[in-house]
file target23.cif (mmCIF, C-alpha atoms)
data_query
loop_
_atom_site.label_atom_id
_atom_site.label_comp_id
_atom_site.auth_asym_id
_atom_site.auth_seq_id
_atom_site.Cartn_x
_atom_site.Cartn_y
_atom_site.Cartn_z
CA MET Q 522 0.00 0.00 0.00
CA ILE Q 523 1.13 3.54 -0.78
CA GLU Q 524 0.69 5.99 2.10
CA VAL Q 525 -0.15 9.30 0.42
CA LEU Q 526 0.52 12.35 2.59
CA TYR Q 527 -0.44 15.02 0.04
CA GLU Q 528 -1.53 15.09 -3.58
CA ASP Q 529 -2.79 17.52 -6.21
CA ASN Q 530 -2.57 17.76 -10.00
CA HIS Q 531 1.18 18.46 -9.99
CA ILE Q 532 2.77 16.57 -7.08
CA ILE Q 533 2.26 13.52 -4.91
CA VAL Q 534 3.99 13.14 -1.53
CA VAL Q 535 4.27 9.70 0.07
CA ASN Q 536 5.63 8.18 3.28
CA LYS Q 537 8.41 5.81 2.18
CA LYS Q 538 8.86 2.62 4.17
CA SER Q 539 12.35 1.61 5.23
CA GLY Q 540 13.67 -1.04 2.86
CA GLU Q 541 12.16 0.54 -0.23
CA ILE Q 542 14.41 2.02 -2.90
CA THR Q 543 13.38 5.37 -4.35
CA GLN Q 544 14.56 4.65 -7.89
CA GLY Q 545 15.68 1.52 -9.71
CA ASP Q 546 19.20 0.26 -8.96
CA LYS Q 547 21.44 -2.74 -9.57
CA THR Q 548 19.42 -4.91 -7.17
CA GLY Q 549 16.57 -5.05 -9.66
CA ASP Q 550 14.02 -4.58 -6.86
CA GLU Q 551 10.86 -2.68 -7.74
CA PRO Q 552 11.44 0.97 -6.76
CA LEU Q 553 8.98 3.20 -4.97
CA SER Q 554 8.69 5.37 -8.09
CA GLU Q 555 7.23 2.43 -10.03
CA LYS Q 556 4.91 1.48 -7.17
CA VAL Q 557 3.52 5.03 -7.08
CA LYS Q 558 3.09 5.03 -10.88
CA GLN Q 559 1.12 1.80 -10.71
CA PHE Q 560 -0.92 3.09 -7.78
CA ILE Q 561 -1.97 6.19 -9.76
CA LYS Q 562 -2.64 4.16 -12.92
CA ASN Q 563 -4.89 1.68 -11.12
CA ARG Q 564 -6.69 4.23 -8.97
CA ASP Q 565 -7.41 6.64 -11.81
CA LYS Q 566 -7.93 3.87 -14.40
CA LYS Q 567 -5.42 5.49 -16.77
CA PRO Q 568 -5.06 3.56 -20.06
CA GLY Q 569 -1.59 4.87 -20.98
CA ASN Q 570 1.68 5.55 -19.22
CA VAL Q 571 1.74 7.65 -16.07
CA PHE Q 572 4.28 10.49 -15.85
CA LEU Q 573 6.14 10.55 -12.55
CA GLY Q 574 9.33 12.48 -11.89
CA THR Q 575 11.72 11.65 -9.04
CA VAL Q 576 12.89 14.85 -7.36
CA HIS Q 577 15.00 13.54 -4.47
CA ARG Q 578 15.88 10.29 -2.71
CA LEU Q 579 16.21 8.65 0.68
CA ASP Q 580 18.67 5.87 1.53
CA ARG Q 581 17.09 2.41 1.38
CA PRO Q 582 17.01 1.82 5.19
CA VAL Q 583 15.59 5.32 5.85
CA SER Q 584 11.86 6.06 6.04
CA GLY Q 585 9.82 9.20 5.52
CA ILE Q 586 8.73 11.88 3.10
CA ILE Q 587 9.37 11.62 -0.63
CA ILE Q 588 8.03 14.10 -3.20
CA PHE Q 589 7.27 12.97 -6.75
CA SER Q 590 6.16 15.27 -9.56
CA LYS Q 591 3.16 14.42 -11.70
CA THR Q 592 3.89 16.99 -14.42
CA SER Q 593 7.03 18.05 -16.29
CA LYS Q 594 6.45 21.65 -15.19
CA ALA Q 595 6.49 20.67 -11.52
CA LEU Q 596 9.55 18.44 -12.04
CA LYS Q 597 11.62 21.23 -13.58
CA ARG Q 598 10.69 23.73 -10.88
CA LEU Q 599 11.17 21.29 -8.00
CA ASN Q 600 14.61 20.33 -9.32
CA GLN Q 601 15.54 24.01 -9.33
CA MET Q 602 14.17 24.47 -5.80
CA PHE Q 603 16.23 21.57 -4.44
CA GLN Q 604 19.35 22.87 -6.18
CA LYS Q 605 18.80 26.33 -4.65
CA LYS Q 606 18.13 24.79 -1.21
CA GLU Q 607 14.62 26.25 -1.12
CA VAL Q 608 13.14 23.08 0.38
CA GLN Q 609 13.41 22.70 4.17
CA LYS Q 610 13.62 19.13 5.43
CA THR Q 611 13.52 17.92 9.03
CA TYR Q 612 14.59 14.45 10.13
CA TRP Q 613 14.25 12.51 13.36
CA ALA Q 614 17.00 10.14 14.41
CA LYS Q 615 16.92 7.71 17.31
CA CYS Q 616 20.51 7.34 18.41
CA ILE Q 617 22.43 4.94 20.61
CA SER Q 618 23.84 7.75 22.78
CA SER Q 619 22.83 11.29 23.61
CA PRO Q 620 24.81 14.10 21.94
CA PRO Q 621 27.57 15.94 23.82
CA VAL Q 622 25.81 19.28 23.22
CA GLU Q 623 22.05 19.76 23.25
CA HIS Q 624 21.92 21.99 20.16
CA GLN Q 625 24.61 22.84 17.63
CA LYS Q 626 25.63 23.18 14.01
CA LEU Q 627 27.93 20.48 12.62
CA VAL Q 628 30.34 21.18 9.77
CA HIS Q 629 32.31 18.34 8.19
CA TYR Q 630 34.02 17.55 4.91
CA LEU Q 631 32.66 14.32 3.48
CA ILE Q 632 34.32 11.91 1.08
CA LYS Q 633 32.31 9.00 -0.30
CA ASP Q 634 33.90 5.69 -1.21
CA SER Q 635 31.60 4.46 -3.98
CA THR Q 636 33.10 0.95 -3.97
CA LYS Q 637 32.10 0.47 -0.33
CA ASN Q 638 29.08 2.82 -0.46
CA LYS Q 639 30.36 4.50 2.67
CA THR Q 640 31.15 8.11 3.55
CA THR Q 641 33.91 9.41 5.82
CA ALA Q 642 33.62 12.71 7.72
CA TYR Q 643 36.61 14.97 8.36
CA ASN Q 644 36.74 18.01 10.65
CA VAL Q 645 39.09 19.90 8.31
CA PRO Q 646 39.00 20.50 4.55
CA LYS Q 647 40.23 17.59 2.41
CA ASP Q 648 40.87 17.06 -1.28
CA ARG Q 649 37.56 15.88 -2.80
CA GLY Q 650 35.89 16.56 0.55
CA LYS Q 651 32.48 18.20 0.20
CA LYS Q 652 31.53 20.70 2.87
CA SER Q 653 28.47 19.41 4.71
CA GLU Q 654 26.39 21.19 7.31
CA LEU Q 655 23.46 20.38 9.54
CA ILE Q 656 21.82 21.70 12.69
CA TYR Q 657 20.63 19.25 15.33
CA THR Q 658 18.63 19.48 18.55
CA HIS Q 659 18.37 16.84 21.24
CA LEU Q 660 14.63 16.43 21.85
CA LYS Q 661 13.67 15.52 25.40
CA ASN Q 662 11.14 12.86 24.45
CA SER Q 663 9.80 10.62 27.21
CA GLU Q 664 8.91 7.78 24.81
CA ILE Q 665 11.91 7.81 22.44
CA LYS Q 666 15.31 7.82 24.12
CA ASN Q 667 18.11 9.86 22.53
CA LEU Q 668 15.81 11.41 19.93
CA ILE Q 669 17.58 13.99 17.78
CA GLU Q 670 15.96 16.40 15.35
CA VAL Q 671 18.13 17.23 12.35
CA LYS Q 672 17.84 20.02 9.80
CA PRO Q 673 20.34 19.40 7.00
CA LEU Q 674 21.70 22.52 5.29
CA THR Q 675 23.35 20.49 2.51
CA GLY Q 676 22.39 17.23 0.84
CA ARG Q 677 25.30 14.79 0.74
CA PRO Q 678 25.21 10.97 0.55
CA HIS Q 679 24.78 9.49 4.05
CA GLN Q 680 25.32 12.97 5.49
CA ILE Q 681 23.14 12.74 8.60
CA ARG Q 682 24.28 9.21 9.36
CA VAL Q 683 28.01 9.93 9.23
CA GLN Q 684 27.88 13.39 10.81
CA LEU Q 685 25.92 12.16 13.84
CA ALA Q 686 28.19 9.13 14.15
CA SER Q 687 31.22 11.43 14.14
CA ILE Q 688 30.05 13.02 17.42
CA GLY Q 689 29.26 9.68 19.03
CA CYS Q 690 25.57 9.57 18.11
CA THR Q 691 25.35 6.55 15.84
CA ILE Q 692 21.80 5.93 14.65
CA VAL Q 693 20.11 2.80 16.03
CA GLY Q 694 20.46 -0.08 13.58
CA ASP Q 695 23.07 1.63 11.39
CA LEU Q 696 25.79 -1.03 11.23
CA LYS Q 697 27.63 0.86 8.49
CA TYR Q 698 28.37 3.75 10.86
CA GLY Q 699 29.01 1.96 14.11
CA ALA Q 700 25.80 0.48 15.53
CA PRO Q 701 26.59 -2.76 17.42
CA ILE Q 702 23.45 -4.59 16.27
CA ALA Q 703 21.06 -4.34 13.34
CA ASN Q 704 17.33 -3.84 13.48
CA LYS Q 705 15.57 -7.09 12.59
CA ASP Q 706 13.97 -5.51 9.52
CA LYS Q 707 17.33 -4.02 8.41
CA SER Q 708 16.00 -0.49 8.84
CA ILE Q 709 17.82 2.31 10.62
CA CYS Q 710 16.04 4.72 12.95
CA LEU Q 711 16.29 7.74 10.66
CA HIS Q 712 13.05 9.25 9.41
CA ALA Q 713 12.31 12.20 7.11
CA LYS Q 714 9.73 13.71 9.44
CA SER Q 715 8.59 16.90 7.73
CA ILE Q 716 9.12 19.05 4.68
CA GLU Q 717 8.29 22.66 3.88
CA PHE Q 718 8.35 24.36 0.48
CA ILE Q 719 6.55 26.70 -1.85
CA HIS Q 720 4.35 24.78 -4.27
CA PRO Q 721 6.07 24.80 -7.69
CA VAL Q 722 2.90 25.80 -9.54
CA SER Q 723 0.33 27.32 -7.16
CA LYS Q 724 3.05 29.12 -5.13
CA GLU Q 725 1.24 28.25 -1.91
CA LYS Q 726 3.26 27.36 1.18
CA ILE Q 727 3.17 23.60 1.77
CA TYR Q 728 4.04 21.88 5.06
CA ILE Q 729 3.80 18.10 5.35
CA LYS Q 730 4.53 15.69 8.20
CA ALA Q 731 5.03 11.93 8.10
CA PRO Q 732 4.29 9.65 11.07
CA ILE Q 733 7.26 7.62 12.26
CA PRO Q 734 7.28 3.82 11.80
CA SER Q 735 5.72 1.74 14.56
CA LYS Q 736 8.70 -0.64 14.81
CA ASN Q 737 12.08 0.00 16.48
CA TRP Q 738 11.35 3.52 17.69
CA LYS Q 739 9.96 2.98 21.19
#
call {"tool": "encode", "arguments": {"input": "target23.cif", "output": "structure tokens"}}
result
Amino acid sequence: MIEVLYEDNHIIVVNKKSGEITQGDKTGDEPLSEKVKQFIKNRDKKPGNVFLGTVHRLDRPVSGIIIFSKTSKALKRLNQMFQKKEVQKTYWAKCISSPPVEHQKLVHYLIKDSTKNKTTAYNVPKDRGKKSELIYTHLKNSEIKNLIEVKPLTGRPHQIRVQLASIGCTIVGDLKYGAPIANKDKSICLHAKSIEFIHPVSKEKIYIKAPIPSKNWK
């Protein structure tokens, strides 16, 4: 089932489950983009192909908000908005340990090893290192221990995962960045919780939230 959070003539926003891939990759698994296409085709009884543009992605073990465009006009404008950092995203991360500081901005220089699909964070500039920034806040949540809210200021591969791990806040279930055990469903406790942007066509302000998964977070 596709969990639709928002939809109009130009965009559809869904709550991605951990384990789903956003777009097709070498695994050959059916991507979320194709599932959403089929969902629209069946629901609206469309005889031909359904246009669906992928605007951004989430790592496979991450859950939360994904925006797809339903028109070429929306796709072009959304791509421009993401490039200009005009889309504000907020993530929740359940970490193994609490952060050393309750609220701060992290700046690292990230280098991705594509052969290992792993990113390394450095505190000082490095050749090929991409400057990466985020702001985090330790949320005092009585139900979710070590809950951290993250607002990324850049969009690098594995950015939140490696930057939090670099300050001793490895995300629960994230074996790649230091978690001692995996979640049974192979997810990690990182969730794209909310997104805010100006609609690419209507120009209205849009704010969308996605409920966190029921497993692994309590």
call {"tool": "closest_atom_pairs", "arguments": {"input": "target23.cif", "of": "stretch 612-669 of chain Q", "to": "stretch 581-586 of chain Q", "cutoff": "12 Å", "atoms": "only C-alpha atoms", "output": "tab-separated table"}}
result
residue	atom	partner	partner_atom	distance
Q:Tyr612	CA	Q:Gly585	CA	8.5
Q:Trp613	CA	Q:Gly585	CA	9.6
Q:Ala614	CA	Q:Val583	CA	9.9
Q:Lys615	CA	Q:Val583	CA	11.8
call {"tool": "resolve_selection", "arguments": {"input": "target23.cif", "expression": "the PyMOL selection byres ((chain Q and resi 662-678) around 6)", "output": "list of chain:residue names"}}
result
Q:Thr611, Q:Tyr612, Q:Trp613, Q:Ala614, Q:Lys615, Q:Cys616, Q:Ser619, Q:Ser653, Q:Glu654, Q:Leu655, Q:Ile656, Q:Tyr657, Q:Thr658, Q:His659, Q:Leu660, Q:Lys661, Q:His679, Q:Gln680, Q:Lys739
call {"tool": "atom_distance", "arguments": {"input": "target23.cif", "atom1": "atom CA of Q:Cys690", "atom2": "atom CA of Q:Lys626"}}
result
14.2 Å
call {"tool": "closest_atom_pairs", "arguments": {"input": "target23.cif", "of": "stretch 636-714 of chain Q", "to": "stretch 527-543 of chain Q", "cutoff": "12 Å", "atoms": "all atoms listed in the file", "output": "JSON lines"}}
result
{"residue": "Q:Gly694", "atom": "CA", "partner": "Q:Ser539", "partner_atom": "CA", "distance": 11.8}
{"residue": "Q:Asn704", "atom": "CA", "partner": "Q:Ser539", "partner_atom": "CA", "distance": 11.1}
{"residue": "Q:Lys705", "atom": "CA", "partner": "Q:Gly540", "partner_atom": "CA", "distance": 11.6}
{"residue": "Q:Asp706", "atom": "CA", "partner": "Q:Gly540", "partner_atom": "CA", "distance": 8.0}
{"residue": "Q:Lys707", "atom": "CA", "partner": "Q:Gly540", "partner_atom": "CA", "distance": 7.3}
{"residue": "Q:Ser708", "atom": "CA", "partner": "Q:Ser539", "partner_atom": "CA", "distance": 5.5}
{"residue": "Q:Ile709", "atom": "CA", "partner": "Q:Ser539", "partner_atom": "CA", "distance": 7.7}
{"residue": "Q:Cys710", "atom": "CA", "partner": "Q:Ser539", "partner_atom": "CA", "distance": 9.1}
{"residue": "Q:Leu711", "atom": "CA", "partner": "Q:Ser539", "partner_atom": "CA", "distance": 9.1}
{"residue": "Q:His712", "atom": "CA", "partner": "Q:Ser539", "partner_atom": "CA", "distance": 8.7}
{"residue": "Q:Ala713", "atom": "CA", "partner": "Q:Asn536", "partner_atom": "CA", "distance": 8.7}
{"residue": "Q:Lys714", "atom": "CA", "partner": "Q:Asn536", "partner_atom": "CA", "distance": 9.2}
call {"tool": "write_last_selection", "arguments": {"input": "target23.cif", "atoms": "C-alpha atoms", "output": "PDB file, in the frame of the given file"}}
result
ATOM      1  CA  GLY Q 694      20.460  -0.080  13.580  1.00  0.00           C
ATOM      2  CA  ASN Q 704      17.330  -3.840  13.480  1.00  0.00           C
ATOM      3  CA  LYS Q 705      15.570  -7.090  12.590  1.00  0.00           C
ATOM      4  CA  ASP Q 706      13.970  -5.510   9.520  1.00  0.00           C
ATOM      5  CA  LYS Q 707      17.330  -4.020   8.410  1.00  0.00           C
ATOM      6  CA  SER Q 708      16.000  -0.490   8.840  1.00  0.00           C
ATOM      7  CA  ILE Q 709      17.820   2.310  10.620  1.00  0.00           C
ATOM      8  CA  CYS Q 710      16.040   4.720  12.950  1.00  0.00           C
ATOM      9  CA  LEU Q 711      16.290   7.740  10.660  1.00  0.00           C
ATOM     10  CA  HIS Q 712      13.050   9.250   9.410  1.00  0.00           C
ATOM     11  CA  ALA Q 713      12.310  12.200   7.110  1.00  0.00           C
ATOM     12  CA  LYS Q 714       9.730  13.710   9.440  1.00  0.00           C
TER      13      LYS Q 714
END
call {"tool": "closest_residue", "arguments": {"input": "target23.cif", "among": "Q:Gly650, Q:Arg682, Q:Phe572, Q:Pro621", "to": "Q:Lys633", "atoms": "only C-alpha atoms"}}
result
Q:Gly650
call {"tool": "residues_around", "arguments": {"input": "target23.cif", "residues": "Q:Asn638", "least_positions_apart": "2", "cutoff": "12 Å", "atoms": "all atoms listed in the file", "output": "list in words"}}
result
Asp580, Ile632, Lys633, Asp634, Ser635, Thr636, Thr640, Thr641, Pro678, His679, Lys697 and Tyr698 of chain Q
call {"tool": "atom_distance", "arguments": {"input": "target23.cif", "atom1": "atom CA of Q:Glu524", "atom2": "atom CA of Q:Ser735"}}
result
14.1 Å
call {"tool": "atom_distance", "arguments": {"input": "target23.cif", "atom1": "atom CA of Q:Gln544", "atom2": "atom CA of Q:His577"}}
result
9.5 Å
call {"tool": "closest_residue", "arguments": {"input": "target23.cif", "among": "Q:Val683, Q:Met602, Q:Gln625, Q:Gln609", "to": "Q:Ala642", "atoms": "all atoms listed in the file"}}
result
Q:Val683
call {"tool": "resolve_selection", "arguments": {"input": "target23.cif", "expression": "the PyMOL selection byres ((chain Q and resi 689) around 9)", "output": "PDB file with C-alpha atoms, in the frame of the given file"}}
result
ATOM      1  CA  ILE Q 617      22.430   4.940  20.610  1.00  0.00           C
ATOM      2  CA  SER Q 618      23.840   7.750  22.780  1.00  0.00           C
ATOM      3  CA  SER Q 619      22.830  11.290  23.610  1.00  0.00           C
ATOM      4  CA  PRO Q 620      24.810  14.100  21.940  1.00  0.00           C
ATOM      5  CA  PRO Q 621      27.570  15.940  23.820  1.00  0.00           C
ATOM      6  CA  LEU Q 685      25.920  12.160  13.840  1.00  0.00           C
ATOM      7  CA  ALA Q 686      28.190   9.130  14.150  1.00  0.00           C
ATOM      8  CA  SER Q 687      31.220  11.430  14.140  1.00  0.00           C
ATOM      9  CA  ILE Q 688      30.050  13.020  17.420  1.00  0.00           C
ATOM     10  CA  CYS Q 690      25.570   9.570  18.110  1.00  0.00           C
ATOM     11  CA  THR Q 691      25.350   6.550  15.840  1.00  0.00           C
TER      12      THR Q 691
END
call {"tool": "build_atoms", "arguments": {"input": "target23.cif", "residues": "stretch 552-582 of chain Q", "atoms": "N, CA and C atoms", "output": "compact mmCIF listing (two decimals), keeping the file's coordinate frame"}}
result
# COMPACT_ATOMS: atom_id res chain seq x y z
N PRO Q 552 11.27 -0.27 -7.52
CA PRO Q 552 11.44 0.97 -6.76
C PRO Q 552 10.11 1.61 -6.38
N LEU Q 553 10.17 2.48 -5.42
CA LEU Q 553 8.98 3.20 -4.97
C LEU Q 553 8.37 4.01 -6.11
N SER Q 554 9.20 4.58 -6.97
CA SER Q 554 8.69 5.37 -8.09
C SER Q 554 7.74 4.55 -8.96
N GLU Q 555 8.09 3.28 -9.22
CA GLU Q 555 7.23 2.43 -10.03
C GLU Q 555 5.95 2.04 -9.28
N LYS Q 556 6.08 1.82 -7.98
CA LYS Q 556 4.91 1.48 -7.17
C LYS Q 556 3.90 2.63 -7.18
N VAL Q 557 4.41 3.87 -7.08
CA VAL Q 557 3.52 5.03 -7.08
C VAL Q 557 2.87 5.20 -8.46
N LYS Q 558 3.65 4.98 -9.53
CA LYS Q 558 3.09 5.03 -10.88
C LYS Q 558 1.92 4.05 -11.03
N GLN Q 559 2.14 2.83 -10.58
CA GLN Q 559 1.12 1.80 -10.71
C GLN Q 559 -0.10 2.13 -9.85
N PHE Q 560 0.16 2.69 -8.67
CA PHE Q 560 -0.92 3.09 -7.78
C PHE Q 560 -1.82 4.13 -8.46
N ILE Q 561 -1.21 5.13 -9.08
CA ILE Q 561 -1.97 6.19 -9.76
C ILE Q 561 -2.72 5.60 -10.96
N LYS Q 562 -2.04 4.76 -11.72
CA LYS Q 562 -2.64 4.16 -12.92
C LYS Q 562 -3.87 3.34 -12.57
N ASN Q 563 -3.77 2.53 -11.52
CA ASN Q 563 -4.89 1.68 -11.12
C ASN Q 563 -6.02 2.50 -10.51
N ARG Q 564 -5.67 3.44 -9.65
CA ARG Q 564 -6.69 4.23 -8.97
C ARG Q 564 -7.49 5.08 -9.95
N ASP Q 565 -6.76 5.72 -10.88
CA ASP Q 565 -7.41 6.64 -11.81
C ASP Q 565 -7.83 5.97 -13.12
N LYS Q 566 -7.57 4.64 -13.20
CA LYS Q 566 -7.93 3.87 -14.40
C LYS Q 566 -7.36 4.50 -15.67
N LYS Q 567 -6.08 4.86 -15.62
CA LYS Q 567 -5.42 5.49 -16.77
C LYS Q 567 -5.01 4.42 -17.79
N PRO Q 568 -5.37 4.58 -19.05
CA PRO Q 568 -5.06 3.56 -20.06
C PRO Q 568 -3.60 3.58 -20.50
N GLY Q 569 -2.96 4.75 -20.50
CA GLY Q 569 -1.59 4.87 -20.98
C GLY Q 569 -0.58 4.95 -19.85
N ASN Q 570 0.62 5.40 -20.21
CA ASN Q 570 1.68 5.55 -19.22
C ASN Q 570 1.41 6.71 -18.29
N VAL Q 571 1.88 6.59 -17.07
CA VAL Q 571 1.74 7.65 -16.07
C VAL Q 571 3.07 8.38 -15.94
N PHE Q 572 3.05 9.70 -16.04
CA PHE Q 572 4.28 10.49 -15.85
C PHE Q 572 4.53 10.64 -14.35
N LEU Q 573 5.76 10.35 -13.94
CA LEU Q 573 6.14 10.55 -12.55
C LEU Q 573 7.63 10.88 -12.50
N GLY Q 574 7.94 12.05 -11.97
CA GLY Q 574 9.33 12.48 -11.89
C GLY Q 574 9.87 12.35 -10.47
N THR Q 575 11.07 11.78 -10.35
CA THR Q 575 11.72 11.65 -9.04
C THR Q 575 12.54 12.89 -8.78
N VAL Q 576 12.27 13.56 -7.68
CA VAL Q 576 12.89 14.85 -7.36
C VAL Q 576 14.07 14.68 -6.41
N HIS Q 577 13.95 13.77 -5.45
CA HIS Q 577 15.00 13.54 -4.47
C HIS Q 577 14.90 12.11 -3.98
N ARG Q 578 15.85 11.68 -3.15
CA ARG Q 578 15.88 10.29 -2.71
C ARG Q 578 16.10 10.20 -1.20
N LEU Q 579 15.82 9.02 -0.68
CA LEU Q 579 16.21 8.65 0.68
C LEU Q 579 16.97 7.33 0.60
N ASP Q 580 17.96 7.14 1.47
CA ASP Q 580 18.67 5.87 1.53
C ASP Q 580 17.67 4.74 1.77
N ARG Q 581 18.00 3.56 1.28
CA ARG Q 581 17.09 2.41 1.38
C ARG Q 581 16.62 2.14 2.81
N PRO Q 582 17.48 2.14 3.84
CA PRO Q 582 17.01 1.82 5.19
C PRO Q 582 16.31 2.97 5.91
